[in-house]
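The file upload.csv comes next; it holds CSV, C-alpha atoms.
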```csv
chain,number,residue,atom,x,y,z
V,25,MET,CA,145.4,95.6,110.4
V,26,SER,CA,145.3,98.6,112.8
V,27,LYS,CA,142.1,99.8,114.3
V,28,PRO,CA,140.2,102.6,112.6
V,29,VAL,CA,140.8,106.0,114.3
V,30,ILE,CA,137.9,108.2,115.5
V,31,ALA,CA,137.9,111.8,116.5
V,32,THR,CA,135.0,113.8,117.9
V,33,THR,CA,134.3,117.5,118.7
V,34,SER,CA,131.6,119.7,119.9
V,35,LEU,CA,131.2,123.1,118.1
V,36,ALA,CA,128.1,125.2,118.8
V,37,GLY,CA,126.4,122.3,120.6
V,38,CYS,CA,125.4,121.4,124.1
V,39,PHE,CA,127.4,118.1,124.4
V,40,GLY,CA,124.1,116.3,124.3
V,41,CYS,CA,125.2,114.3,121.2
V,42,HIS,CA,128.4,113.3,123.1
V,43,MET,CA,126.2,112.2,126.0
V,44,SER,CA,124.2,110.2,123.5
V,45,ILE,CA,127.5,108.5,122.3
V,46,LEU,CA,128.0,107.5,126.0
V,47,ASP,CA,124.4,106.3,126.0
V,48,ILE,CA,125.5,103.2,124.1
V,49,ASP,CA,126.2,102.0,127.6
V,50,GLU,CA,128.3,98.8,127.9
V,51,ARG,CA,128.8,98.7,124.2
V,52,ILE,CA,131.4,101.4,124.7
V,53,LEU,CA,133.7,98.6,125.7
V,54,GLN,CA,133.1,96.9,122.3
V,55,LEU,CA,133.6,100.3,120.7
V,56,PHE,CA,137.0,100.6,122.3
V,57,ASP,CA,137.8,97.1,120.9
V,58,LEU,CA,136.7,98.2,117.4
V,59,VAL,CA,138.3,101.6,117.2
V,60,GLU,CA,141.0,103.9,118.6
V,61,PHE,CA,140.1,107.4,119.7
V,62,ASN,CA,142.2,110.4,118.8
V,63,LYS,CA,141.4,114.1,119.3
V,64,SER,CA,138.1,114.0,121.3
V,65,PRO,CA,136.6,115.2,124.6
V,66,ILE,CA,136.1,111.6,125.5
V,67,ASP,CA,139.8,110.9,125.9
V,68,ASP,CA,140.8,114.6,126.3
V,69,ILE,CA,143.4,114.5,123.4
V,70,LYS,CA,143.5,118.1,122.3
V,71,LYS,CA,145.3,117.9,119.0
V,72,PHE,CA,145.4,115.4,116.1
V,73,THR,CA,148.4,113.1,116.5
V,74,LYS,CA,147.7,110.9,113.5
V,75,PRO,CA,145.5,110.7,110.4
V,76,VAL,CA,141.9,109.9,111.4
V,77,ASP,CA,139.4,107.7,109.6
V,78,ILE,CA,136.1,109.0,111.1
V,79,GLY,CA,135.5,112.5,112.4
V,80,ILE,CA,132.2,113.1,114.3
V,81,ILE,CA,131.0,116.7,114.5
V,82,GLU,CA,128.5,117.9,117.1
V,83,GLY,CA,127.1,121.4,116.7
V,84,GLY,CA,127.0,124.0,114.0
V,85,CYS,CA,129.4,126.9,113.4
V,86,CYS,CA,128.6,130.1,115.3
V,87,ASN,CA,132.0,131.6,115.5
V,88,SER,CA,135.5,131.7,113.9
V,89,GLU,CA,136.9,129.1,116.2
V,90,ASN,CA,134.2,126.6,115.2
V,91,VAL,CA,135.0,127.2,111.5
V,92,GLU,CA,138.7,126.7,112.2
V,93,VAL,CA,138.2,123.4,114.2
V,94,LEU,CA,135.8,122.1,111.5
V,95,LYS,CA,138.2,122.8,108.7
V,96,ASP,CA,141.0,121.1,110.8
V,97,PHE,CA,138.7,118.1,111.1
V,98,ARG,CA,138.1,118.0,107.4
V,99,LYS,CA,141.8,118.2,106.7
V,100,ASN,CA,142.6,115.3,109.1
V,101,CYS,CA,139.6,113.0,108.7
V,102,LYS,CA,138.8,110.7,105.8
V,103,ILE,CA,135.1,110.7,106.7
V,104,LEU,CA,133.1,113.4,108.4
V,105,ILE,CA,129.8,112.8,110.1
V,106,SER,CA,127.4,115.6,111.1
V,107,LEU,CA,125.9,114.3,114.4
V,108,GLY,CA,122.6,115.8,115.6
V,109,GLU,CA,120.4,118.7,114.6
V,110,CYS,CA,122.8,121.5,115.4
V,111,ALA,CA,125.5,120.1,113.1
V,112,ILE,CA,122.9,119.4,110.4
V,113,MET,CA,120.8,122.6,110.5
V,114,GLY,CA,122.3,124.9,113.1
V,115,GLY,CA,119.8,123.8,115.8
V,116,LEU,CA,118.8,126.0,118.7
V,117,PRO,CA,121.8,128.4,118.4
V,118,ALA,CA,120.4,129.1,114.9
V,119,LEU,CA,117.4,130.7,116.5
V,120,ARG,CA,119.4,133.9,116.3
V,121,ASN,CA,119.7,133.6,112.5
V,122,GLY,CA,117.9,136.5,110.8
V,123,ILE,CA,118.5,138.8,113.8
V,124,PRO,CA,121.6,141.1,113.3
V,125,VAL,CA,124.6,140.2,115.6
V,126,GLU,CA,124.6,143.7,117.0
V,127,GLU,CA,121.0,143.3,118.2
V,128,CYS,CA,121.9,139.9,119.8
V,129,LEU,CA,124.9,141.2,121.6
V,130,HIS,CA,122.9,144.2,122.8
V,131,GLU,CA,120.2,142.0,124.2
V,132,ALA,CA,122.7,139.7,125.9
V,133,TYR,CA,125.0,142.2,127.4
V,134,ILE,CA,123.3,145.6,127.6
V,135,GLY,CA,119.6,145.9,127.1
V,136,GLY,CA,118.3,142.5,128.2
V,137,PRO,CA,115.9,142.4,131.2
V,138,THR,CA,118.3,140.2,133.2
V,139,VAL,CA,121.4,142.3,132.6
V,140,GLN,CA,122.2,144.1,135.8
V,141,LEU,CA,126.0,143.9,136.6
V,142,ASN,CA,127.3,145.3,133.3
V,143,THR,CA,126.9,148.9,134.3
V,144,LYS,CA,129.7,150.1,132.0
V,145,HIS,CA,127.9,148.6,129.0
V,146,ILE,CA,130.9,146.5,127.9
V,147,LEU,CA,130.5,144.2,124.9
V,148,PRO,CA,133.0,141.3,125.0
V,149,ASN,CA,135.7,142.3,122.6
V,150,ASP,CA,139.0,140.6,123.4
V,151,ASP,CA,141.5,139.3,120.9
V,152,GLU,CA,141.4,136.0,122.7
V,153,LEU,CA,137.7,135.6,122.0
V,154,PRO,CA,136.6,134.1,118.7
V,155,MET,CA,134.5,136.4,116.5
V,156,LEU,CA,130.8,135.6,116.2
V,157,LEU,CA,129.6,134.8,112.6
V,158,ASP,CA,126.8,136.7,111.1
V,159,LYS,CA,124.6,133.6,111.6
V,160,VAL,CA,125.0,130.0,112.7
V,161,TYR,CA,125.9,127.8,109.8
V,162,PRO,CA,125.2,124.1,109.4
V,163,CYS,CA,128.5,122.2,109.0
V,164,HIS,CA,127.9,121.1,105.4
V,165,GLU,CA,127.6,124.8,104.4
V,166,ILE,CA,131.3,125.2,105.5
V,167,VAL,CA,133.0,121.9,104.5
V,168,LYS,CA,132.0,118.7,102.8
V,169,ILE,CA,130.2,116.3,105.1
V,170,ASP,CA,129.9,112.7,104.2
V,171,TYR,CA,127.1,111.4,106.5
V,172,TYR,CA,124.3,112.8,108.6
V,173,LEU,CA,122.8,111.4,111.7
V,174,PRO,CA,119.8,113.5,112.8
V,175,GLY,CA,118.2,113.7,116.2
V,176,CYS,CA,118.3,115.9,119.3
V,177,PRO,CA,120.1,114.0,120.5
V,178,PRO,CA,120.6,111.3,117.8
V,179,ARG,CA,119.4,108.0,119.4
V,180,ALA,CA,122.3,106.0,120.9
V,181,ASP,CA,121.3,103.0,118.8
V,182,LEU,CA,121.5,105.1,115.7
V,183,ILE,CA,125.0,106.2,116.5
V,184,TRP,CA,126.0,102.6,117.3
V,185,ASP,CA,124.4,101.0,114.2
V,186,ALA,CA,125.9,103.7,111.9
V,187,LEU,CA,129.4,103.4,113.4
V,188,VAL,CA,129.4,99.6,113.3
V,189,ALA,CA,128.2,99.6,109.7
V,190,LEU,CA,130.8,102.1,108.7
V,191,ILE,CA,133.6,100.2,110.5
V,192,THR,CA,132.7,96.7,109.4
V,193,GLY,CA,131.3,97.7,106.0
V,194,ASP,CA,128.1,95.9,106.6
V,195,PRO,CA,124.9,97.3,105.0
V,196,LEU,CA,123.0,99.7,107.3
V,197,LYS,CA,119.3,99.1,107.8
V,198,LEU,CA,117.8,101.7,110.0
V,199,PRO,CA,114.5,101.1,111.8
V,200,TYR,CA,111.9,103.8,111.6
V,201,GLU,CA,112.2,104.6,115.3
V,202,LEU,CA,115.8,105.6,115.1
V,203,ILE,CA,115.5,108.6,112.7
V,204,LYS,CA,114.0,111.4,114.6
V,205,PHE,CA,114.5,115.2,114.4
V,206,ASP,CA,113.9,115.8,118.2
D,23,MET,CA,77.1,99.9,89.6
D,24,SER,CA,78.0,101.5,86.3
D,25,ASN,CA,79.8,104.5,88.0
D,26,LEU,CA,82.6,102.3,89.3
D,27,ALA,CA,86.0,103.0,87.8
D,28,LYS,CA,88.7,100.4,87.4
D,29,PHE,CA,92.2,101.7,87.6
D,30,LYS,CA,95.7,100.7,88.4
D,31,ILE,CA,98.2,102.2,90.9
D,32,ASP,CA,101.7,100.9,90.3
D,33,GLY,CA,100.2,97.9,88.5
D,34,VAL,CA,97.8,97.0,91.3
D,35,GLU,CA,94.2,96.6,90.2
D,36,CYS,CA,91.9,99.0,92.1
D,37,MET,CA,88.3,100.0,92.0
D,38,ALA,CA,86.5,103.1,93.2
D,39,GLU,CA,83.6,105.4,92.5
D,40,ALA,CA,84.4,107.3,89.3
D,41,GLY,CA,85.1,111.0,89.9
D,42,LYS,CA,86.5,110.5,93.4
D,43,PHE,CA,89.9,112.1,93.9
D,44,ILE,CA,92.8,109.8,93.5
D,45,VAL,CA,94.1,110.2,97.0
D,46,GLU,CA,90.7,109.1,98.4
D,47,ALA,CA,90.3,106.3,95.8
D,48,ALA,CA,93.8,105.0,96.6
D,49,ARG,CA,93.1,105.1,100.3
D,50,GLU,CA,89.9,103.0,99.8
D,51,ASN,CA,92.1,100.4,98.1
D,52,GLY,CA,94.7,100.4,100.8
D,53,ILE,CA,97.3,102.5,99.0
D,54,PHE,CA,98.7,105.5,100.8
D,55,ILE,CA,99.6,108.6,98.8
D,56,PRO,CA,101.1,111.2,101.1
D,57,THR,CA,99.4,114.6,101.4
D,58,LEU,CA,100.1,117.8,103.4
D,59,CYS,CA,97.7,120.6,102.3
D,60,ASN,CA,94.8,118.2,101.8
D,61,MET,CA,92.4,117.4,104.6
D,62,PRO,CA,89.1,115.5,104.7
D,63,GLY,CA,86.0,117.6,104.4
D,64,VAL,CA,87.8,120.5,102.7
D,65,LYS,CA,87.9,121.1,98.9
D,66,PRO,CA,91.3,120.0,97.7
D,67,GLN,CA,93.6,122.6,96.4
D,68,GLY,CA,96.8,121.0,95.1
D,69,ALA,CA,99.0,123.5,96.8
D,70,CYS,CA,101.9,121.6,98.3
D,71,ARG,CA,102.3,119.0,95.5
D,72,VAL,CA,103.5,116.3,97.9
D,73,CYS,CA,100.8,114.0,96.5
D,74,THR,CA,102.4,114.2,93.0
D,75,VAL,CA,101.7,111.0,90.9
D,76,ARG,CA,102.3,110.3,87.2
D,77,ILE,CA,99.3,109.6,85.0
D,78,ASN,CA,100.0,108.8,81.3
D,79,GLY,CA,103.5,110.2,81.7
D,80,ARG,CA,102.3,113.5,83.2
D,81,LEU,CA,102.8,114.7,86.7
D,82,MET,CA,99.5,115.4,88.5
D,83,THR,CA,98.4,116.1,92.0
D,84,ALA,CA,96.5,113.1,93.3
D,85,CYS,CA,94.4,115.2,95.7
D,86,THR,CA,92.8,117.3,92.9
D,87,THR,CA,92.6,114.8,90.0
D,88,PRO,CA,89.4,112.7,89.8
D,89,ILE,CA,89.7,109.0,89.1
D,90,GLY,CA,88.7,107.8,85.7
D,91,ASP,CA,88.1,104.4,84.3
D,92,GLY,CA,91.2,102.6,83.0
D,93,MET,CA,93.6,105.2,84.5
D,94,GLU,CA,97.1,103.9,85.0
D,95,ILE,CA,98.8,105.7,87.9
D,96,GLU,CA,102.4,105.6,89.0
D,97,SER,CA,102.9,106.6,92.7
D,98,ASN,CA,105.6,104.6,94.5
D,99,LYS,CA,108.4,105.1,91.9
D,100,PRO,CA,112.0,106.2,92.9
D,101,ASP,CA,111.8,109.4,90.8
D,102,LEU,CA,108.4,110.4,92.2
D,103,ILE,CA,109.6,109.6,95.8
D,104,ASP,CA,112.6,111.9,95.1
D,105,ILE,CA,110.3,114.7,93.9
D,106,ARG,CA,108.1,114.4,97.0
D,107,LYS,CA,111.2,114.3,99.2
D,108,SER,CA,112.6,117.4,97.6
D,109,ILE,CA,109.3,119.2,98.2
D,110,VAL,CA,109.5,118.3,101.9
D,111,GLU,CA,113.1,119.4,102.0
D,112,LEU,CA,112.2,122.8,100.3
D,113,LEU,CA,109.5,123.3,103.0
D,114,PHE,CA,112.1,122.6,105.7
D,115,VAL,CA,114.6,125.1,104.4
D,116,SER,CA,112.2,127.8,103.5
D,117,GLY,CA,110.9,128.3,107.0
D,118,ASN,CA,112.4,128.0,110.5
D,119,HIS,CA,111.6,124.4,111.5
D,120,PHE,CA,113.4,123.8,114.8
D,121,CYS,CA,112.0,120.3,115.5
D,122,PRO,CA,113.8,119.9,118.9
D,123,ALA,CA,112.0,123.0,120.3
D,124,CYS,CA,108.7,122.6,118.7
D,125,GLU,CA,105.5,121.8,120.6
D,126,LYS,CA,104.1,119.8,117.7
D,127,SER,CA,107.2,117.6,117.2
D,128,GLY,CA,106.1,114.0,117.0
D,129,ASP,CA,102.6,115.0,115.8
D,130,CYS,CA,103.8,117.1,112.9
D,131,GLU,CA,102.9,115.9,109.4
D,132,LEU,CA,105.8,117.7,107.7
D,133,GLN,CA,108.2,116.0,110.1
D,134,ALA,CA,106.4,112.7,109.6
D,135,LEU,CA,107.1,113.0,105.8
D,136,GLY,CA,110.7,113.8,106.6
D,137,TYR,CA,110.8,110.5,108.6
D,138,LEU,CA,108.9,108.6,105.9
D,139,TYR,CA,111.5,109.6,103.2
D,140,GLN,CA,114.4,109.3,105.7
D,141,MET,CA,115.4,113.0,105.2
D,142,MET,CA,118.9,113.1,106.8
D,143,VAL,CA,119.6,116.6,105.5
D,144,PRO,CA,117.9,118.8,103.0
D,145,ARG,CA,119.7,119.1,99.7
D,146,TYR,CA,119.0,122.9,99.6
D,147,PRO,CA,120.7,125.6,101.7
D,148,TYR,CA,118.7,126.9,104.7
D,149,ASP,CA,117.0,130.3,104.3
D,150,PHE,CA,116.5,131.2,107.9
D,151,PRO,CA,113.9,134.0,107.2
D,152,LEU,CA,113.1,136.4,110.0
D,153,ARG,CA,109.5,135.8,111.0
D,154,GLU,CA,107.2,136.9,113.8
D,155,VAL,CA,105.2,135.1,116.4
D,156,ASP,CA,101.7,136.5,117.0
D,157,ALA,CA,100.4,135.7,120.5
D,158,SER,CA,97.9,138.5,120.7
D,159,SER,CA,94.8,136.2,120.7
D,160,PRO,CA,93.6,134.9,124.0
D,161,TYR,CA,93.8,131.2,123.2
D,162,ILE,CA,96.2,130.6,120.3
D,163,ILE,CA,99.7,131.4,119.2
D,164,LYS,CA,100.4,131.9,115.4
D,165,ASP,CA,104.1,131.1,114.8
D,166,GLN,CA,105.0,132.3,111.3
D,167,ASN,CA,108.4,130.5,111.5
D,168,ARG,CA,106.7,127.2,111.0
D,169,CYS,CA,103.8,128.1,108.6
D,170,ILE,CA,103.9,126.3,105.3
D,171,MET,CA,101.0,128.2,103.7
D,172,CYS,CA,98.9,125.1,103.2
D,173,LYS,CA,95.7,127.1,103.8
D,174,ARG,CA,94.1,124.3,105.8
D,175,CYS,CA,93.3,126.6,108.6
D,176,ILE,CA,91.8,129.3,106.3
D,177,LYS,CA,89.6,126.7,104.7
D,178,SER,CA,88.4,124.8,107.7
D,179,VAL,CA,88.3,127.1,110.7
D,180,LYS,CA,85.2,129.3,110.3
D,181,ASP,CA,82.7,131.0,112.6
D,182,GLU,CA,78.9,130.4,112.5
D,183,GLU,CA,78.5,132.9,109.7
D,184,GLY,CA,81.1,131.1,107.6
D,185,ARG,CA,83.9,133.7,108.0
D,186,SER,CA,87.4,132.4,108.1
D,187,TYR,CA,89.4,133.2,111.3
D,188,PHE,CA,92.6,133.0,109.2
D,189,ALA,CA,93.5,134.8,105.9
D,190,PHE,CA,96.4,135.4,103.6
D,191,HIS,CA,98.3,138.6,104.1
D,192,ASN,CA,100.9,140.3,101.8
D,193,ARG,CA,102.3,138.6,98.6
D,194,GLY,CA,105.3,136.8,97.3
D,195,ASP,CA,108.0,136.0,99.8
D,196,LYS,CA,106.2,138.2,102.3
D,197,LEU,CA,103.1,136.1,102.1
D,198,GLU,CA,101.8,134.9,105.5
D,199,VAL,CA,98.7,133.3,107.0
D,200,VAL,CA,97.5,135.7,109.7
D,201,LEU,CA,94.8,135.4,112.4
D,202,ASP,CA,92.0,138.0,111.9
D,203,LYS,CA,92.5,140.5,114.7
D,204,VAL,CA,88.7,141.0,115.4
D,205,LEU,CA,87.6,137.4,115.0
D,206,GLY,CA,90.7,136.2,116.8
D,207,GLU,CA,89.6,138.2,119.9
D,208,SER,CA,86.3,136.3,120.1
D,209,MET,CA,87.7,132.9,119.2
D,210,ASP,CA,86.7,130.3,121.9
D,211,LYS,CA,88.7,127.5,123.2
D,212,GLN,CA,87.0,124.8,121.1
D,213,THR,CA,87.7,126.7,117.9
D,214,ALA,CA,91.3,127.2,119.0
D,215,GLU,CA,91.6,123.4,119.5
D,216,LYS,CA,90.2,122.9,116.0
D,217,ALA,CA,92.6,125.4,114.5
D,218,MET,CA,95.6,123.6,116.1
D,219,GLU,CA,94.2,120.3,114.8
D,220,SER,CA,93.9,121.7,111.3
D,221,CYS,CA,97.5,122.8,111.2
D,222,PRO,CA,99.8,120.0,109.8
D,223,VAL,CA,102.8,121.7,111.4
D,224,GLY,CA,103.3,123.6,114.7
D,225,SER,CA,102.3,127.0,113.4
D,226,ILE,CA,99.0,127.2,115.3
D,227,LEU,CA,99.3,126.3,118.9
D,228,VAL,CA,96.7,126.4,121.7
D,229,LYS,CA,98.2,128.4,124.6
D,230,GLU,CA,99.3,126.6,127.7
D,231,LYS,CA,99.2,123.2,126.0
D,232,GLY,CA,102.7,122.5,124.7
D,233,PHE,CA,104.4,119.1,125.0
D,234,ALA,CA,101.2,117.5,126.3
D,235,LYS,CA,102.2,114.0,125.2
D,236,PRO,CA,105.4,112.3,126.3
D,237,ILE,CA,108.0,111.2,123.7
D,238,GLY,CA,107.2,107.7,122.6
D,239,THR,CA,103.4,108.2,122.7
D,240,ARG,CA,103.1,110.8,120.0
D,241,LYS,CA,101.4,110.2,116.7
D,242,PHE,CA,104.4,109.5,114.5
D,243,ASP,CA,106.9,108.2,117.2
D,244,ARG,CA,106.5,104.6,116.4
D,245,LYS,CA,104.5,104.3,113.2
D,246,PRO,CA,105.1,106.2,110.0
D,247,ILE,CA,102.5,108.5,108.5
D,248,GLY,CA,100.0,106.5,106.4
D,249,SER,CA,100.3,103.3,108.3
D,250,ASP,CA,96.6,103.5,109.0
D,251,VAL,CA,95.9,103.1,105.3
D,252,LYS,CA,97.5,99.6,104.7
D,253,LEU,CA,94.8,97.0,104.3
```
What is this structure when it is put down as C-alpha cells?
Amino acid sequence: MSKPVIATTSLAGCFGCHMSILDIDERILQLFDLVEFNKSPIDDIKKFTKPVDIGIIEGGCCNSENVEVLKDFRKNCKILISLGECAIMGGLPALRNGIPVEECLHEAYIGGPTVQLNTKHILPNDDELPMLLDKVYPCHEIVKIDYYLPGCPPRADLIWDALVALITGDPLKLPYELIKFD
Amino acid sequence: MSNLAKFKIDGVECMAEAGKFIVEAARENGIFIPTLCNMPGVKPQGACRVCTVRINGRLMTACTTPIGDGMEIESNKPDLIDIRKSIVELLFVSGNHFCPACEKSGDCELQALGYLYQMMVPRYPYDFPLREVDASSPYIIKDQNRCIMCKRCIKSVKDEEGRSYFAFHNRGDKLEVVLDKVLGESMDKQTAEKAMESCPVGSILVKEKGFAKPIGTRKFDRKPIGSDVKL
C-alpha cells in the first residue's frame, strides 16, 4: 500500500502553525516514514502533482488568493483539517472584521501615524495583487472542513496525535492539556 | 434535621438543606454543574442558562431552582451537555473572543467551558460585531468585544452607598454593560481588582496588569473548570 499523501498551506496565517508541525521534533522522521508530502511549504512543492489524502490549512481567508488556494485544496484533498485559531475563527487578522476595508486601507497606507513615505497617498491597486475580502473568513465558511485542531499555535502533540490517529485509524483520545485556544 | 432534602442527581443519592439552589446543593455533594453568570454571594439570575438541568422532564436553570425533597435531577446527559455546549458556542460567535490575544486567556471561565466541552469549532457562523473599548477610567479597561452580559459586575461591584459601578446601556443587540462615567473616575485600585475578578471573561481588565501569569500556571491550563468540586 502506498503512503498517505499530505499537503499543507498557510493562508492568512503567520506560519506559527507550521512551526508547531516542526515542533514534533525528531518525530518528523517517523512522520516521513508514515506519509508522503505533496504541495507544502515544508518541501516547497508549489503545485498539486497527485491526489492528496490529508490537506492541512493554516490561516483564514482574507483575500481572493486565499479563497482560490483553499478551494484548490478542497478539490484535491480527501480530508481537510483547519489547523489553528486563524483557520477556525479568522484569528488576529479578523480583528479588522466589522471595520470597512476602505478605513483599514486608509489607516495602513494614508492616515496612520507611522505612514511617512507614502507622500502621493497611493493605495496598493495592482492587477497582480489579490483583492482584499470585506472581512476575514474562517475556512469552514468558504469550503467544507472535516476536522479542526484549535490552538495558537495548536500544540505539537495535538497535531502529532491527530495525524497518527487519522493515518492509522486508531481512536483518538485527547488529553485536556492539548486543547487550548491560545 | 427535618429541613434536609433528599434528592438524586443522575441517579446519585444526595442530601442538602431544602431550599438551597441546586448548583450549591450539588456542589456540597461533590457534583459539578457548570455556571457562568452565577457567582457566590450574589443573588442568582439564570441569565446564561449554562447550568441547564432537567427536572421531571423540564429544562430548568440549576442556579435559580431551589432543591426540594425527592427531586430527580438529570445533569450529565448527552443532550444536556450538547445544550450547554451550544450556549457556549453562541457566546463565542456573538462577541469577538480572540483568545490568542486576550489578557484573561487561561483564567477565562467561558474559555474553560469551551475546553470542558472540547469545543473545536462553534456550529454557528461568527458574527464579528463592531464593538468599542472604553479605557477612560484611570484603573480599568472595559472591552465590549468580550462582554457576555452576565451582569456579575453590575451585581457585585458597588461603592459604600451600594451604587453599582457598572450598568446596562441601550437595548436589544445594542445592549452593553458600561462603566458609570462619574463613579468610574473615583474607582480605586482595590475595586478595580474586584471588578476584574468578578468578570468571567476578559471584558474588565485592570490597567497595566495583562499576562501576569505565565502559560502553564494559569487557572485552567492543567485542570478543567469544576475540578475543585470532585469529592
Checklist line | Nearby residues (all atoms listed in the file) at most 12 Å from Ser26 (chain V), same-chain spacing under 2 positions excluded, as an NGL selection string | finding: :V and (28-29 or 57-60 or 76-77)
The selected residues should be written to file as a compact mmCIF listing (two decimals), in the coordinates of the input (atoms: C-alpha atoms).
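Listed below is the output, part.txt:
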```
# COMPACT_ATOMS: atom_id res chain seq x y z
CA PRO V 28 140.20 102.60 112.60
CA VAL V 29 140.80 106.00 114.30
CA ASP V 57 137.80 97.10 120.90
CA LEU V 58 136.70 98.20 117.40
CA VAL V 59 138.30 101.60 117.20
CA GLU V 60 141.00 103.90 118.60
CA VAL V 76 141.90 109.90 111.40
CA ASP V 77 139.40 107.70 109.60
```
Note to self: If we count all atoms listed in the file and set the cut-off at 8 Å, which residues sit around region 86-88 of chain D, ignoring sequence neighbours fewer than 3 positions away in its own chain? Please answer as a PyMOL selection string.
What the structure shows: chain D and resi 40-44+66-68+82-83
Write the residues of the selection above to a file with C-alpha atoms, as a tab-separated table (two decimals), in the frame of the given file.
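Contents of the output file result_37.tsv:
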```tsv
chain	number	residue	atom	x	y	z
D	40	ALA	CA	84.40	107.30	89.30
D	41	GLY	CA	85.10	111.00	89.90
D	42	LYS	CA	86.50	110.50	93.40
D	43	PHE	CA	89.90	112.10	93.90
D	44	ILE	CA	92.80	109.80	93.50
D	66	PRO	CA	91.30	120.00	97.70
D	67	GLN	CA	93.60	122.60	96.40
D	68	GLY	CA	96.80	121.00	95.10
D	82	MET	CA	99.50	115.40	88.50
D	83	THR	CA	98.40	116.10	92.00
```
Next item on the list: Do me a favour and pick out the residues of chain D within 10 Å of chain V, using only C-alpha atoms, as a ChimeraX atom specification.
Entry: /D:114-115,118-124,127-128,133-134,136-138,140-144,147-153,237-238,242-246
Next item on the list: One decimal, Å: what's the distance from CA of Asn51 (chain D) over to CA of Phe29 (chain D), could you say?
Entry: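 A separation of 10.6 Å between them.
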List every protein, DNA or RNA residue that has an atom no more than 12 Å from (86.5, 125.1, 107.6) in the file's coordinate frame, counting only C-alpha atoms, and report them as a PDB file with C-alpha atoms, in the coordinates of the input.
```pdb
ATOM      1  CA  MET D  61      92.400 117.400 104.600  1.00  0.00           C
ATOM      2  CA  PRO D  62      89.100 115.500 104.700  1.00  0.00           C
ATOM      3  CA  GLY D  63      86.000 117.600 104.400  1.00  0.00           C
ATOM      4  CA  VAL D  64      87.800 120.500 102.700  1.00  0.00           C
ATOM      5  CA  LYS D  65      87.900 121.100  98.900  1.00  0.00           C
ATOM      6  CA  LYS D 173      95.700 127.100 103.800  1.00  0.00           C
ATOM      7  CA  ARG D 174      94.100 124.300 105.800  1.00  0.00           C
ATOM      8  CA  CYS D 175      93.300 126.600 108.600  1.00  0.00           C
ATOM      9  CA  ILE D 176      91.800 129.300 106.300  1.00  0.00           C
ATOM     10  CA  LYS D 177      89.600 126.700 104.700  1.00  0.00           C
ATOM     11  CA  SER D 178      88.400 124.800 107.700  1.00  0.00           C
ATOM     12  CA  VAL D 179      88.300 127.100 110.700  1.00  0.00           C
ATOM     13  CA  LYS D 180      85.200 129.300 110.300  1.00  0.00           C
ATOM     14  CA  ASP D 181      82.700 131.000 112.600  1.00  0.00           C
ATOM     15  CA  GLU D 182      78.900 130.400 112.500  1.00  0.00           C
ATOM     16  CA  GLU D 183      78.500 132.900 109.700  1.00  0.00           C
ATOM     17  CA  GLY D 184      81.100 131.100 107.600  1.00  0.00           C
ATOM     18  CA  ARG D 185      83.900 133.700 108.000  1.00  0.00           C
ATOM     19  CA  SER D 186      87.400 132.400 108.100  1.00  0.00           C
ATOM     20  CA  TYR D 187      89.400 133.200 111.300  1.00  0.00           C
ATOM     21  CA  PHE D 188      92.600 133.000 109.200  1.00  0.00           C
ATOM     22  CA  THR D 213      87.700 126.700 117.900  1.00  0.00           C
ATOM     23  CA  LYS D 216      90.200 122.900 116.000  1.00  0.00           C
ATOM     24  CA  ALA D 217      92.600 125.400 114.500  1.00  0.00           C
ATOM     25  CA  GLU D 219      94.200 120.300 114.800  1.00  0.00           C
ATOM     26  CA  SER D 220      93.900 121.700 111.300  1.00  0.00           C
ATOM     27  CA  CYS D 221      97.500 122.800 111.200  1.00  0.00           C
TER      28      CYS D 221
END
```
